[in-house]
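Undergrad: Would you mind keeping the following structure in view while I ask a few things?
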Amino acid sequence: MKLEGIHHITAITGDARGNVLFYVGTLGLRLVKKTVNQDDPTVYHLFYADEHGSPGSDLTFFEYPDAVRGSPGAGMVHRIVWRVASERAIAYWERRLAAAGTETERVAGALRFSDPEGLGHELVVASVDDEPLVGGAPDVPRELALQGFDAVRAYSLEPRRSERLLRDTLGFTGGRDGRWEVRGGQRGGLYVYDPAPEVRPRQGAGTVHHIAFASAMEDHEAWRERILAAGAHPTPVIDRFYFRSVYFREPSGVLFEIATIGPGFAADEDREHLGERLSLPPDFEPLRDRLEQTLTALPNPHAGQEVKA
Ligand code: ZN
């Protein structure tokens, strides 16, 4: 039983419109699902990913309208690292982000920048041959596009406290200098600790809420049992409609989720038109009329884009 790397990363935005414009318009991801927060259906839950909505490329945002900016501290993810194919892609993104008014910084071959609400990102040249997960934006050449997650970096005061759970329970490997790999038969990614800054951690706009790792559907319940047996406190299995989820906090304080690969985002929408209309899981469908009136109207820069097989 192995986790297949990072499934999705969920963060918080106070500005859903600006969020779509940045992640779709600038970064060239595809908005693959526009739905509501299942714990508060009056606000959005937006999902960006590659053109197929694949785990491994899925960055999601809870909308808390006008939320105050947060600041990552101990127990929080502070940066999302994406793969690109080449040095040429790094140079392309440096120019493209500058043209969009986003400041960037080159650090040891990587490119760092923040989204408009301060969420940290980094692009690195891929060093593994996992399938590239490409957003398919019409204005981003495929060979230069983002290719899915490489890593998440989190702050910890005492990363050793997480070692046993990561290695013995979740099957992460490595761990030297707080650098862990989580890899299955198809895909993998890194989970890396950095020393926590002095600031008091504050969840808010521009911060990561949780990180999910990918499980085969048939292993999901067994992962929950294993986490429980290790003394962590997993939630019951929650059916999120597009996948099933179990949540727990790892010892460094980061909120983890184990999410199933599938059923996926085509469960209730045609693949060609993912994310174009408001998707509501069946339990929320009766609220549609009301929600369509109150939710923020969103642009979709690439609506109807052609999906390559
Ligand atoms: Zn999640």
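Residues are referred to by chain and number: the chain letter is A, B, ... according to the order shown in the structure tokens, the number counts from 1 in that chain, and ligands are numbered separately from 1 in the order shown.
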What are the closest atom pairs, with distances in Å to one decimal, for all residues of chain A lying within 7 Å of ligand 1? Consider only C-alpha atoms and all ligand atoms, order rows by chain and residue number, and present the result as a tab-separated table.
TA:
residue	atom	partner	partner_atom_place_in_ligand_line	distance
A:His8	CA	ligand 1	1 (Zn)	6.4
A:Ile9	CA	ligand 1	1 (Zn)	6.6
A:Thr10	CA	ligand 1	1 (Zn)	5.7
A:His210	CA	ligand 1	1 (Zn)	6.4
A:Ile211	CA	ligand 1	1 (Zn)	6.5
A:Ala212	CA	ligand 1	1 (Zn)	5.6
A:Glu257	CA	ligand 1	1 (Zn)	6.1
Undergrad: Save the residues we just selected, C-alpha atoms, as a PDB file, in the first residue's frame?
TA:
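Below is the file result.pdb, written as the result:
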ATOM      1  CA  HIS A   8      -4.259  18.299  -3.929  1.00  0.00           C
ATOM      2  CA  ILE A   9      -3.348  21.370  -1.933  1.00  0.00           C
ATOM      3  CA  THR A  10      -6.082  23.579  -0.497  1.00  0.00           C
ATOM      4  CA  HIS A 210      -4.252  21.537   4.159  1.00  0.00           C
ATOM      5  CA  ILE A 211      -2.394  19.152   1.919  1.00  0.00           C
ATOM      6  CA  ALA A 212      -3.846  15.907   0.605  1.00  0.00           C
ATOM      7  CA  GLU A 257      -5.751  14.633   4.193  1.00  0.00           C
TER       8      GLU A 257
END
Undergrad: Which of these, A:Phe265, A:Phe113, A:Tyr193, A:Phe61, has the shortest distance to Arg153 (chain A) once you count only C-alpha atoms?
TA: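 Closest to Arg153 (chain A) of all the choices is A:Tyr193.
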Undergrad: Within 7 Å of region 277-290 of chain A, counting only C-alpha atoms, which residues qualify if same-chain residues fewer than 3 places away don't, as a short mmCIF file (atom, residue, chain, number, x, y, z; two decimals) with N, CA and C atoms, in the first residue's frame?
TA:
data_model
loop_
_atom_site.label_atom_id
_atom_site.label_comp_id
_atom_site.auth_asym_id
_atom_site.auth_seq_id
_atom_site.Cartn_x
_atom_site.Cartn_y
_atom_site.Cartn_z
N LYS A 33 -13.20 22.77 -11.59
CA LYS A 33 -14.44 22.62 -10.83
C LYS A 33 -14.71 23.90 -10.08
N LYS A 34 -15.96 24.34 -10.25
CA LYS A 34 -16.42 25.53 -9.53
C LYS A 34 -17.58 25.03 -8.70
N THR A 35 -17.32 24.85 -7.41
CA THR A 35 -18.37 24.33 -6.55
C THR A 35 -18.37 25.12 -5.25
N VAL A 36 -19.13 24.66 -4.27
CA VAL A 36 -19.20 25.40 -3.01
C VAL A 36 -18.44 24.63 -1.93
N PHE A 241 -17.69 13.67 -2.82
CA PHE A 241 -18.30 13.48 -4.12
C PHE A 241 -17.28 13.28 -5.24
N GLN A 293 -27.50 33.21 -7.21
CA GLN A 293 -27.72 34.65 -7.06
C GLN A 293 -26.72 35.30 -6.12
N THR A 294 -26.26 34.55 -5.13
CA THR A 294 -25.44 35.21 -4.10
C THR A 294 -23.92 35.03 -4.31
#
Undergrad: If you measure from CA of Leu97 (chain A) to CA of Thr13 (chain A), what distance in Å do you get, rounded to one decimal?
TA: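 Pair CA of Leu97 (chain A) / CA of Thr13 (chain A) returns 19.6 Å.
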Undergrad: For each of A:Asp130, A:Asp66, A:Glu276, A:Asp115, take the minimum atom-to-atom distance to Thr102 (chain A), counting only C-alpha atoms, then give the residue where this is smallest.
TA: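 Looking at the shortest contact to Thr102 (chain A), the residue is A:Asp115.
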Undergrad: I'd like to know which of A:Gly231, A:Gly73, A:Gly5, A:Gly25 is closest to Leu190 (chain A), using only C-alpha atoms.
TA: A:Gly5
Undergrad: From the DSSP assignment of the backbone, select every residue of region 86-175 of chain A that is alpha helix (DSSP H), and format the answer as JSON, numbers by chain.
TA: {"A": [87, 88, 89, 90, 91, 92, 93, 94, 95, 96, 97, 98, 99, 163, 164]}
Undergrad: Find the residue from A:Gln203, A:Ser162, A:Thr235, A:Ser245 that sits nearest to Pro72 (chain A); use only C-alpha atoms when measuring.
TA: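 Result for the nearest residue to Pro72 (chain A): A:Gln203.
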Undergrad: Name the residues in contact with Ser215 (chain A) at a cut-off of 7 Å, using only C-alpha atoms, excluding same-chain residues fewer than 2 positions from it; report them as a list in words.
TA: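 Final neighbour list, sorted by chain and number: Leu3, Glu4, Phe213, Met217, Asp219, His220, Ile258, Ala259, Thr260 and Ile261 of chain A.
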Undergrad: What would the file look like if the residues just selected were written as a short mmCIF file (atom, residue, chain, number, x, y, z; two decimals), in the first residue's frame with all heavy atoms?
TA:
data_model
loop_
_atom_site.label_atom_id
_atom_site.label_comp_id
_atom_site.auth_asym_id
_atom_site.auth_seq_id
_atom_site.Cartn_x
_atom_site.Cartn_y
_atom_site.Cartn_z
N LEU A 3 1.11 5.62 -0.95
CA LEU A 3 0.46 6.86 -1.36
C LEU A 3 1.08 7.31 -2.68
O LEU A 3 2.29 7.23 -2.86
CB LEU A 3 0.65 7.94 -0.28
CG LEU A 3 -0.08 7.64 1.04
CD1 LEU A 3 0.37 8.61 2.13
CD2 LEU A 3 -1.60 7.69 0.87
N GLU A 4 0.24 7.81 -3.58
CA GLU A 4 0.70 8.21 -4.92
C GLU A 4 1.01 9.71 -4.95
O GLU A 4 0.47 10.45 -5.76
CB GLU A 4 -0.37 7.85 -5.96
CG GLU A 4 -0.59 6.36 -6.13
CD GLU A 4 0.53 5.66 -6.92
OE1 GLU A 4 1.19 6.34 -7.73
OE2 GLU A 4 0.73 4.46 -6.71
N PHE A 213 -2.76 13.78 0.27
CA PHE A 213 -1.97 12.77 -0.43
C PHE A 213 -2.92 11.75 -1.05
O PHE A 213 -4.02 11.54 -0.54
CB PHE A 213 -0.97 12.12 0.54
CG PHE A 213 0.00 13.12 1.10
CD1 PHE A 213 -0.22 13.73 2.33
CD2 PHE A 213 1.11 13.51 0.36
CE1 PHE A 213 0.64 14.69 2.83
CE2 PHE A 213 1.99 14.48 0.85
CZ PHE A 213 1.76 15.07 2.08
N MET A 217 -8.52 3.97 -4.31
CA MET A 217 -9.84 3.83 -3.67
C MET A 217 -9.87 2.64 -2.72
O MET A 217 -10.34 2.74 -1.60
CB MET A 217 -10.90 3.70 -4.78
CG MET A 217 -12.31 3.69 -4.29
SD MET A 217 -12.81 5.24 -3.49
CE MET A 217 -13.49 6.13 -4.88
N ASP A 219 -7.61 1.20 -1.03
CA ASP A 219 -6.74 1.27 0.16
C ASP A 219 -7.22 2.28 1.19
O ASP A 219 -6.66 2.36 2.29
CB ASP A 219 -5.31 1.68 -0.23
CG ASP A 219 -4.63 0.68 -1.15
OD1 ASP A 219 -5.08 -0.49 -1.19
OD2 ASP A 219 -3.66 1.08 -1.83
N HIS A 220 -8.21 3.07 0.84
CA HIS A 220 -8.51 4.27 1.62
C HIS A 220 -8.86 3.96 3.07
O HIS A 220 -8.31 4.56 4.00
CB HIS A 220 -9.64 5.06 0.94
CG HIS A 220 -9.77 6.46 1.40
ND1 HIS A 220 -10.95 6.98 1.86
CD2 HIS A 220 -8.86 7.46 1.50
CE1 HIS A 220 -10.76 8.25 2.20
NE2 HIS A 220 -9.50 8.56 1.98
N ILE A 258 -5.97 12.34 3.43
CA ILE A 258 -5.75 11.27 2.47
C ILE A 258 -6.98 11.26 1.59
O ILE A 258 -8.10 11.10 2.09
CB ILE A 258 -5.58 9.89 3.17
CG1 ILE A 258 -4.49 9.93 4.24
CG2 ILE A 258 -5.30 8.80 2.13
CD1 ILE A 258 -3.08 10.13 3.75
N ALA A 259 -6.79 11.47 0.28
CA ALA A 259 -7.91 11.57 -0.65
C ALA A 259 -7.79 10.49 -1.71
O ALA A 259 -6.68 10.12 -2.12
CB ALA A 259 -7.92 12.95 -1.30
N THR A 260 -8.92 9.98 -2.15
CA THR A 260 -8.89 8.90 -3.13
C THR A 260 -8.68 9.42 -4.54
O THR A 260 -9.10 10.53 -4.89
CB THR A 260 -10.22 8.11 -3.12
OG1 THR A 260 -11.30 9.02 -3.37
CG2 THR A 260 -10.43 7.41 -1.80
N ILE A 261 -8.00 8.60 -5.34
CA ILE A 261 -7.86 8.89 -6.77
C ILE A 261 -9.18 8.46 -7.40
O ILE A 261 -9.50 7.29 -7.45
CB ILE A 261 -6.68 8.11 -7.37
CG1 ILE A 261 -5.39 8.52 -6.67
CG2 ILE A 261 -6.59 8.31 -8.87
CD1 ILE A 261 -4.21 7.63 -6.97
#
Undergrad: Please list as a PyMOL selection string every residue within 9 Å of Pro195 (chain A), counting only C-alpha atoms and excluding residues in the same chain fewer than 4 positions away.
TA: chain A and resi 74+154-159
Undergrad: Can you work out which one of A:Val43, A:Leu291, A:Val140, A:Val182 has the shortest atom-to-atom distance to Leu166 (chain A), counting only C-alpha atoms?
TA: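 Distance minimum relative to Leu166 (chain A) lands on A:Val182.
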